[in-house]
$ cat protein_9.cif   # mmCIF, C-alpha atoms
data_entry
#
loop_
_atom_site.label_atom_id
_atom_site.label_comp_id
_atom_site.auth_asym_id
_atom_site.auth_seq_id
_atom_site.Cartn_x
_atom_site.Cartn_y
_atom_site.Cartn_z
CA MET T 420 23.80 -57.59 10.37
CA SER T 421 26.74 -56.51 8.19
CA PRO T 422 26.08 -53.89 5.51
CA ARG T 423 26.17 -55.01 1.89
CA LEU T 424 28.69 -52.37 0.84
CA VAL T 425 31.59 -50.78 2.72
CA TRP T 426 34.29 -48.30 1.88
CA TYR T 427 37.60 -50.13 2.10
CA VAL T 428 40.01 -47.39 3.16
CA SER T 429 43.45 -48.06 1.67
CA TYR T 430 46.49 -46.12 2.83
CA GLY T 431 49.32 -48.11 1.24
CA SER T 432 49.85 -49.66 -2.17
CA ASN T 433 46.12 -50.30 -2.65
CA MET T 434 45.66 -46.59 -3.31
CA HIS T 435 47.05 -47.47 -6.75
CA ALA T 436 44.14 -48.63 -8.94
CA ASP T 437 46.06 -51.26 -10.95
CA ARG T 438 47.61 -52.69 -7.81
CA PHE T 439 44.24 -52.92 -6.06
CA ALA T 440 42.75 -54.60 -9.12
CA CYS T 441 45.12 -57.54 -8.50
CA TYR T 442 43.42 -58.11 -5.15
CA LEU T 443 40.02 -58.14 -6.81
CA ARG T 444 40.65 -60.18 -9.96
CA GLY T 445 43.97 -61.86 -9.08
CA GLY T 446 47.47 -61.46 -10.47
CA ARG T 447 50.83 -59.95 -9.63
CA PRO T 448 51.21 -56.16 -9.42
CA ALA T 449 54.21 -54.51 -11.07
CA GLY T 450 57.23 -54.48 -8.78
CA ALA T 451 55.85 -57.15 -6.43
CA ALA T 452 57.17 -60.66 -5.82
CA ARG T 453 53.91 -62.50 -5.18
CA ASP T 454 50.68 -63.39 -7.01
CA HIS T 455 47.28 -62.73 -5.43
CA PRO T 456 44.42 -65.21 -5.90
CA GLY T 457 41.77 -62.48 -6.13
CA CYS T 458 38.32 -62.20 -4.58
CA ARG T 459 35.40 -64.57 -4.96
CA ASP T 460 33.66 -61.63 -6.62
CA ALA T 461 36.15 -60.08 -9.05
CA SER T 462 33.93 -57.10 -9.89
CA PRO T 463 35.63 -53.69 -9.82
CA ALA T 464 34.87 -51.28 -7.00
CA ALA T 465 31.57 -49.46 -7.45
CA ARG T 466 33.36 -46.18 -6.74
CA SER T 467 36.68 -44.89 -5.44
CA ARG T 468 37.39 -41.57 -3.79
CA GLY T 469 40.22 -39.77 -2.02
CA LEU T 470 39.89 -38.94 1.66
CA GLU T 471 42.05 -37.64 4.48
CA VAL T 472 41.55 -39.24 7.88
CA PRO T 473 42.97 -38.45 11.33
CA GLY T 474 46.26 -40.20 12.09
CA GLY T 475 49.26 -41.18 10.01
CA ILE T 476 51.18 -44.00 8.38
CA TYR T 477 54.52 -45.62 9.21
CA PHE T 478 56.49 -48.63 7.95
CA ALA T 479 57.27 -51.75 9.97
CA THR T 480 57.88 -55.52 9.68
CA TRP T 481 59.06 -56.98 6.34
CA SER T 482 56.99 -57.81 3.30
CA PRO T 483 57.96 -60.76 1.07
CA VAL T 484 55.80 -59.14 -1.61
CA TRP T 485 57.67 -55.81 -1.66
CA LEU T 486 60.93 -56.92 0.01
CA GLY T 487 60.86 -54.18 2.64
CA GLY T 488 58.78 -52.51 5.32
CA ARG T 489 54.98 -52.49 5.09
CA ALA T 490 52.72 -49.47 5.56
CA PHE T 491 50.52 -49.41 8.65
CA TYR T 492 47.93 -46.87 9.77
CA ASP T 493 47.88 -45.48 13.30
CA PRO T 494 44.85 -43.32 14.09
CA ASP T 495 46.64 -41.91 17.16
CA LEU T 496 49.50 -40.33 15.23
CA PRO T 497 49.28 -36.56 14.82
CA GLY T 498 48.12 -35.08 11.53
CA THR T 499 46.14 -36.72 8.75
CA ALA T 500 46.66 -39.72 6.51
CA ALA T 501 45.91 -39.49 2.79
CA VAL T 502 43.85 -42.50 1.76
CA ARG T 503 41.78 -43.92 -1.06
CA ALA T 504 38.39 -45.42 -0.27
CA HIS T 505 37.04 -48.17 -2.55
CA LEU T 506 33.33 -48.99 -2.34
CA ILE T 507 33.19 -52.80 -2.38
CA THR T 508 31.03 -55.60 -0.98
CA THR T 509 31.60 -56.95 2.50
CA GLY T 510 32.64 -60.24 0.90
CA GLN T 511 35.29 -58.48 -1.17
CA PHE T 512 36.50 -56.61 1.91
CA SER T 513 36.84 -59.94 3.72
CA ASP T 514 38.75 -61.46 0.80
CA VAL T 515 41.12 -58.47 0.52
CA ALA T 516 41.83 -58.73 4.26
CA ALA T 517 42.54 -62.46 3.88
CA GLN T 518 44.98 -61.86 1.04
CA GLU T 519 46.79 -59.22 3.09
CA MET T 520 47.43 -62.02 5.60
CA TYR T 521 48.54 -64.43 2.82
CA ARG T 522 45.46 -66.56 3.36
CA ASP T 523 43.03 -67.96 0.84
CA PRO T 524 39.92 -65.82 0.38
CA GLY T 525 36.52 -67.31 1.08
CA VAL T 526 35.46 -66.57 4.67
CA ASP T 527 33.27 -63.55 5.44
CA LEU T 528 34.35 -61.43 8.38
CA ASP T 529 31.91 -60.55 11.16
CA LEU T 530 31.95 -56.75 11.03
CA GLY T 531 29.56 -56.28 13.93
CA GLY T 532 32.35 -55.68 16.43
CA VAL T 533 34.07 -52.90 14.53
CA LEU T 534 30.83 -51.22 13.54
CA SER T 535 29.78 -50.94 17.18
CA ALA T 536 33.14 -50.38 18.89
CA ARG T 537 35.04 -48.48 16.15
CA ARG T 538 38.06 -50.77 16.66
CA HIS T 539 38.03 -54.54 16.77
CA VAL T 540 40.99 -56.91 17.04
CA LEU T 541 40.35 -60.11 15.12
CA GLY T 542 43.77 -61.63 15.84
CA GLU T 543 47.43 -60.89 16.43
CA GLY T 544 48.31 -60.70 12.74
CA ARG T 545 49.73 -57.56 11.19
CA TYR T 546 46.48 -56.63 9.39
CA GLU T 547 43.90 -58.20 11.71
CA THR T 548 42.76 -55.08 13.57
CA LEU T 549 39.72 -53.42 12.01
CA VAL T 550 39.11 -49.68 12.38
CA HIS T 551 35.84 -47.87 11.63
CA LEU T 552 36.51 -44.40 10.19
CA GLY T 553 32.97 -43.10 10.02
CA GLU T 554 30.30 -43.07 7.33
CA HIS T 555 30.49 -41.70 3.79
CA ASP T 556 27.47 -41.51 1.50
CA GLY T 557 25.60 -43.89 3.78
CA HIS T 558 28.27 -46.61 3.90
CA PRO T 559 30.76 -47.39 6.72
CA ALA T 560 34.43 -46.71 6.00
CA LEU T 561 36.67 -49.51 7.29
CA THR T 562 40.35 -50.29 7.20
CA PHE T 563 42.65 -52.86 8.74
CA THR T 564 45.98 -52.31 10.41
CA ALA T 565 48.23 -53.77 13.10
CA PRO T 566 47.17 -54.33 16.73
CA TRP T 567 50.18 -52.30 17.87
CA GLY T 568 50.79 -48.56 17.57
CA ALA T 569 53.56 -46.76 15.73
CA HIS T 570 55.54 -46.28 18.95
CA GLU T 571 55.34 -49.94 19.96
CA VAL T 572 57.24 -51.54 17.09
CA ALA T 573 60.58 -51.16 15.31
CA HIS T 574 60.25 -49.24 12.07
CA THR T 575 61.74 -50.73 8.90
CA ALA T 576 62.75 -49.34 5.52
CA PRO T 577 60.20 -49.64 2.68
CA SER T 578 61.60 -50.75 -0.66
CA ALA T 579 62.01 -48.40 -3.61
CA ALA T 580 59.36 -50.33 -5.57
CA TYR T 581 56.86 -50.02 -2.72
CA LEU T 582 57.43 -46.30 -2.28
CA ALA T 583 57.06 -45.77 -6.01
CA VAL T 584 53.64 -47.46 -5.98
CA LEU T 585 52.55 -45.36 -2.98
CA ALA T 586 53.72 -42.22 -4.78
CA ASP T 587 51.76 -43.14 -7.90
CA GLY T 588 48.72 -43.93 -5.77
CA LEU T 589 48.86 -40.55 -4.03
CA ARG T 590 49.12 -38.69 -7.33
CA GLU T 591 46.36 -40.79 -8.87
CA THR T 592 44.02 -40.42 -5.89
CA HIS T 593 44.61 -36.87 -4.72
CA GLY T 594 46.17 -35.13 -7.72
CA TRP T 595 49.07 -34.00 -5.54
CA SER T 596 52.17 -32.31 -6.89
CA ALA T 597 55.45 -34.21 -6.82
CA ASP T 598 56.70 -32.00 -3.98
CA ARG T 599 53.69 -32.77 -1.81
CA VAL T 600 53.97 -36.50 -2.45
CA VAL T 601 57.65 -36.44 -1.55
CA ALA T 602 57.04 -34.48 1.65
CA TYR T 603 54.26 -36.83 2.75
CA LEU T 604 56.30 -40.00 2.22
CA ALA T 605 59.49 -38.53 3.70
CA ALA T 606 57.56 -37.67 6.88
CA ALA T 607 56.46 -41.32 7.20
CA THR T 608 59.91 -42.94 7.15
CA PRO T 609 63.36 -42.01 8.51
CA PHE T 610 65.05 -44.38 6.08
CA TRP T 611 64.57 -42.29 2.95
CA ASP T 612 65.22 -38.57 2.67
CA ALA T 613 63.25 -36.22 0.44
CA ARG T 614 65.91 -36.07 -2.29
CA GLU T 615 66.04 -39.86 -2.56
CA ILE T 616 62.26 -40.11 -2.77
CA ALA T 617 62.15 -37.35 -5.36
CA ARG T 618 64.65 -39.22 -7.55
CA LEU T 619 62.62 -42.42 -7.12
CA CYS T 620 59.41 -40.63 -8.14
CA ASP T 621 61.11 -39.06 -11.18
CA GLY T 622 62.31 -42.49 -12.28
#

$ encode --input "protein_9.cif" --output "structure tokens"
Amino acid sequence: MSPRLVWYVSYGSNMHADRFACYLRGGRPAGAARDHPGCRDASPAARSRGLEVPGGIYFATWSPVWLGGRAFYDPDLPGTAAVRAHLITTGQFSDVAAQEMYRDPGVDLDLGGVLSARRHVLGEGRYETLVHLGEHDGHPALTFTAPWGAHEVAHTAPSAAYLAVLADGLRETHGWSADRVVAYLAAATPFWDAREIARLCDG
């Protein structure tokens, strides 16, 4: 049986509270080119917290929402990934996952596979692989990412608007200094150097 509440572990633009709210209640986040229908249950997350998890992020494929590369999480990369965990219902988690795949929300995911195996591939889509990242305060922490690893796909350049939202999300979630945010994002992509990211964050 699926738990009632899970921590949705966000590592990309959903670390930004206003951006994530568009997935819950619907709407278009600033800087994006697409509206989101929202979840069946538009209630805000019960709680949100910053975490660091083993692995790292990288950018690949092309997003019509952000007009550039998307962030993906690879638990096998060295180091740690800075994330934001939102405590939401399993139905909301299912609806957020559907919207990430540009599908209509409304179908609950079977989380039994990922809870028992720690990794469960639902399909070949870019965000259809579920990863279980342990338990926090009695609730499982789950994320979704690609079925491939960072070394199995061509990396692509994230857009300035996307990086700016990630930078804001990191500051908002972890209280990091500008220098630490810049260093973290620069390490995740070869397409932007630290000075360019710093100028983007200042703007």

$ resolve_selection --input "protein_9.cif" --expression "the PyMOL selection byres ((chain T and resi 459) around 9)" --output "PyMOL selection string"
chain T and resi 443-444+457-458+460-461+510-511+514+524-525

$ closest_atom_pairs --input "protein_9.cif" --of "range 553-615 of chain T" --to "range 483-494 of chain T" --cutoff "9 Å" --atoms "all atoms listed in the file" --output "CSV"
residue,atom,partner,partner_atom,distance
T:Thr562,CA,T:Tyr492,CA,8.7
T:Phe563,CA,T:Tyr492,CA,8.1
T:Thr564,CA,T:Phe491,CA,5.7
T:Ala565,CA,T:Phe491,CA,6.6
T:Trp567,CA,T:Asp493,CA,8.5
T:Gly568,CA,T:Asp493,CA,6.0
T:Ala569,CA,T:Asp493,CA,6.3
T:His574,CA,T:Gly488,CA,7.6
T:Thr575,CA,T:Gly488,CA,5.0
T:Ala576,CA,T:Gly488,CA,5.1
T:Pro577,CA,T:Gly488,CA,4.2
T:Ser578,CA,T:Gly487,CA,4.8
T:Ala579,CA,T:Gly487,CA,8.6
T:Ala580,CA,T:Trp485,CA,6.9
T:Tyr581,CA,T:Trp485,CA,5.9

$ residues_around --input "protein_9.cif" --residues "range 543-549 of chain T" --least-positions-apart "6" --cutoff "12 Å" --atoms "all atoms listed in the file" --output "number ranges by chain"
T: 427-429, 478-482, 488-494, 512-513, 515-522, 528-537, 560-568, 572

$ closest_atom_pairs --input "protein_9.cif" --of "range 475-533 of chain T" --to "range 593-606 of chain T" --cutoff "9 Å" --atoms "only C-alpha atoms" --output "JSON lines"
{"residue": "T:Ile476", "atom": "CA", "partner": "T:Leu604", "partner_atom": "CA", "distance": 9.0}
{"residue": "T:Tyr477", "atom": "CA", "partner": "T:Ala606", "partner_atom": "CA", "distance": 8.8}
{"residue": "T:Ala500", "atom": "CA", "partner": "T:Tyr603", "partner_atom": "CA", "distance": 9.0}
{"residue": "T:Ala501", "atom": "CA", "partner": "T:His593", "partner_atom": "CA", "distance": 8.1}
{"residue": "T:Val502", "atom": "CA", "partner": "T:His593", "partner_atom": "CA", "distance": 8.6}
{"residue": "T:Arg503", "atom": "CA", "partner": "T:His593", "partner_atom": "CA", "distance": 8.4}

$ closest_residue --input "protein_9.cif" --among "T:Cys441, T:Leu424, T:Leu541, T:Cys620" --to "Leu589 in chain T" --atoms "all atoms listed in the file"
T:Cys620

$ atom_distance --input "protein_9.cif" --atom1 "CA of Leu470 in chain T" --atom2 "CA of Ala504 in chain T"
6.9 Å

$ residues_around --input "protein_9.cif" --residues "Ala464 in chain T" --least-positions-apart "2" --cutoff "6 Å" --atoms "only C-alpha atoms" --output "PyMOL selection string"
chain T and resi 466+505-507

$ atom_distance --input "protein_9.cif" --atom1 "CA of Gly446 in chain T" --atom2 "CA of Arg423 in chain T"
25.5 Å

$ atom_distance --input "protein_9.cif" --atom1 "CA of Ala586 in chain T" --atom2 "CA of Gly431 in chain T"
9.5 Å

$ residues_near_point --input "protein_9.cif" --point "(40.6, -33.9, 7.6)" --cutoff "9 Å" --atoms "only C-alpha atoms" --output "MDAnalysis selection string"
chainID T and resid 470:473 498:500

$ resolve_selection --input "protein_9.cif" --expression "the PyMOL selection byres ((chain T and resi 588) around 9)" --output "MDAnalysis selection string"
chainID T and resid 431:436 503 583:587 589:593

$ closest_residue --input "protein_9.cif" --among "T:Gly553, T:Pro448, T:Gly475, T:Pro463" --to "Tyr430 in chain T" --atoms "all atoms listed in the file"
T:Gly475

$ closest_residue --input "protein_9.cif" --among "T:Ala440, T:Leu582, T:Val550, T:Ala465" --to "Ala617 in chain T" --atoms "all atoms listed in the file"
T:Leu582

$ build_atoms --input "protein_9.cif" --residues "range 458-478 of chain T" --atoms "N, CA and C atoms" --output "mmCIF file, keeping the file's coordinate frame"
data_model
loop_
_atom_site.group_PDB
_atom_site.id
_atom_site.type_symbol
_atom_site.label_atom_id
_atom_site.label_comp_id
_atom_site.auth_asym_id
_atom_site.auth_seq_id
_atom_site.Cartn_x
_atom_site.Cartn_y
_atom_site.Cartn_z
ATOM 1 N N CYS T 458 39.531 -62.038 -5.379
ATOM 2 C CA CYS T 458 38.320 -62.200 -4.580
ATOM 3 C C CYS T 458 37.357 -63.194 -5.226
ATOM 4 N N ARG T 459 36.464 -63.715 -4.421
ATOM 5 C CA ARG T 459 35.400 -64.570 -4.960
ATOM 6 C C ARG T 459 34.578 -63.795 -5.990
ATOM 7 N N ASP T 460 34.348 -62.545 -5.702
ATOM 8 C CA ASP T 460 33.660 -61.630 -6.620
ATOM 9 C C ASP T 460 34.719 -60.693 -7.180
ATOM 10 N N ALA T 461 35.070 -60.855 -8.438
ATOM 11 C CA ALA T 461 36.150 -60.080 -9.050
ATOM 12 C C ALA T 461 35.679 -58.750 -9.631
ATOM 13 N N SER T 462 34.452 -58.354 -9.345
ATOM 14 C CA SER T 462 33.930 -57.100 -9.890
ATOM 15 C C SER T 462 34.749 -55.907 -9.418
ATOM 16 N N PRO T 463 34.912 -54.899 -10.259
ATOM 17 C CA PRO T 463 35.630 -53.690 -9.820
ATOM 18 C C PRO T 463 34.844 -52.957 -8.742
ATOM 19 N N ALA T 464 35.529 -52.095 -8.011
ATOM 20 C CA ALA T 464 34.870 -51.280 -7.000
ATOM 21 C C ALA T 464 33.770 -50.438 -7.646
ATOM 22 N N ALA T 465 32.666 -50.276 -6.933
ATOM 23 C CA ALA T 465 31.570 -49.460 -7.450
ATOM 24 C C ALA T 465 31.990 -48.007 -7.612
ATOM 25 N N ARG T 466 32.817 -47.536 -6.695
ATOM 26 C CA ARG T 466 33.360 -46.180 -6.740
ATOM 27 C C ARG T 466 34.659 -46.147 -5.972
ATOM 28 N N SER T 467 35.479 -45.154 -6.238
ATOM 29 C CA SER T 467 36.680 -44.890 -5.440
ATOM 30 C C SER T 467 36.767 -43.390 -5.242
ATOM 31 N N ARG T 468 37.284 -42.991 -4.086
ATOM 32 C CA ARG T 468 37.390 -41.570 -3.790
ATOM 33 C C ARG T 468 38.560 -41.327 -2.841
ATOM 34 N N GLY T 469 39.167 -40.161 -2.937
ATOM 35 C CA GLY T 469 40.220 -39.770 -2.020
ATOM 36 C C GLY T 469 39.639 -39.178 -0.754
ATOM 37 N N LEU T 470 40.270 -39.481 0.369
ATOM 38 C CA LEU T 470 39.890 -38.940 1.660
ATOM 39 C C LEU T 470 41.142 -38.621 2.454
ATOM 40 N N GLU T 471 40.999 -37.809 3.473
ATOM 41 C CA GLU T 471 42.050 -37.640 4.480
ATOM 42 C C GLU T 471 41.413 -37.944 5.822
ATOM 43 N N VAL T 472 42.097 -38.785 6.606
ATOM 44 C CA VAL T 472 41.550 -39.240 7.880
ATOM 45 C C VAL T 472 42.540 -38.917 8.997
ATOM 46 N N PRO T 473 42.056 -38.741 10.222
ATOM 47 C CA PRO T 473 42.970 -38.450 11.330
ATOM 48 C C PRO T 473 43.976 -39.576 11.545
ATOM 49 N N GLY T 474 45.221 -39.209 11.842
ATOM 50 C CA GLY T 474 46.260 -40.200 12.090
ATOM 51 C C GLY T 474 47.380 -40.105 11.072
ATOM 52 N N GLY T 475 48.136 -41.179 10.935
ATOM 53 C CA GLY T 475 49.260 -41.180 10.010
ATOM 54 C C GLY T 475 49.685 -42.596 9.680
ATOM 55 N N ILE T 476 50.645 -42.703 8.762
ATOM 56 C CA ILE T 476 51.180 -44.000 8.380
ATOM 57 C C ILE T 476 52.649 -44.098 8.791
ATOM 58 N N TYR T 477 53.117 -45.330 8.921
ATOM 59 C CA TYR T 477 54.520 -45.620 9.210
ATOM 60 C C TYR T 477 54.820 -46.981 8.591
ATOM 61 N N PHE T 478 56.087 -47.367 8.580
ATOM 62 C CA PHE T 478 56.490 -48.630 7.950
ATOM 63 C C PHE T 478 57.152 -49.530 8.993
#
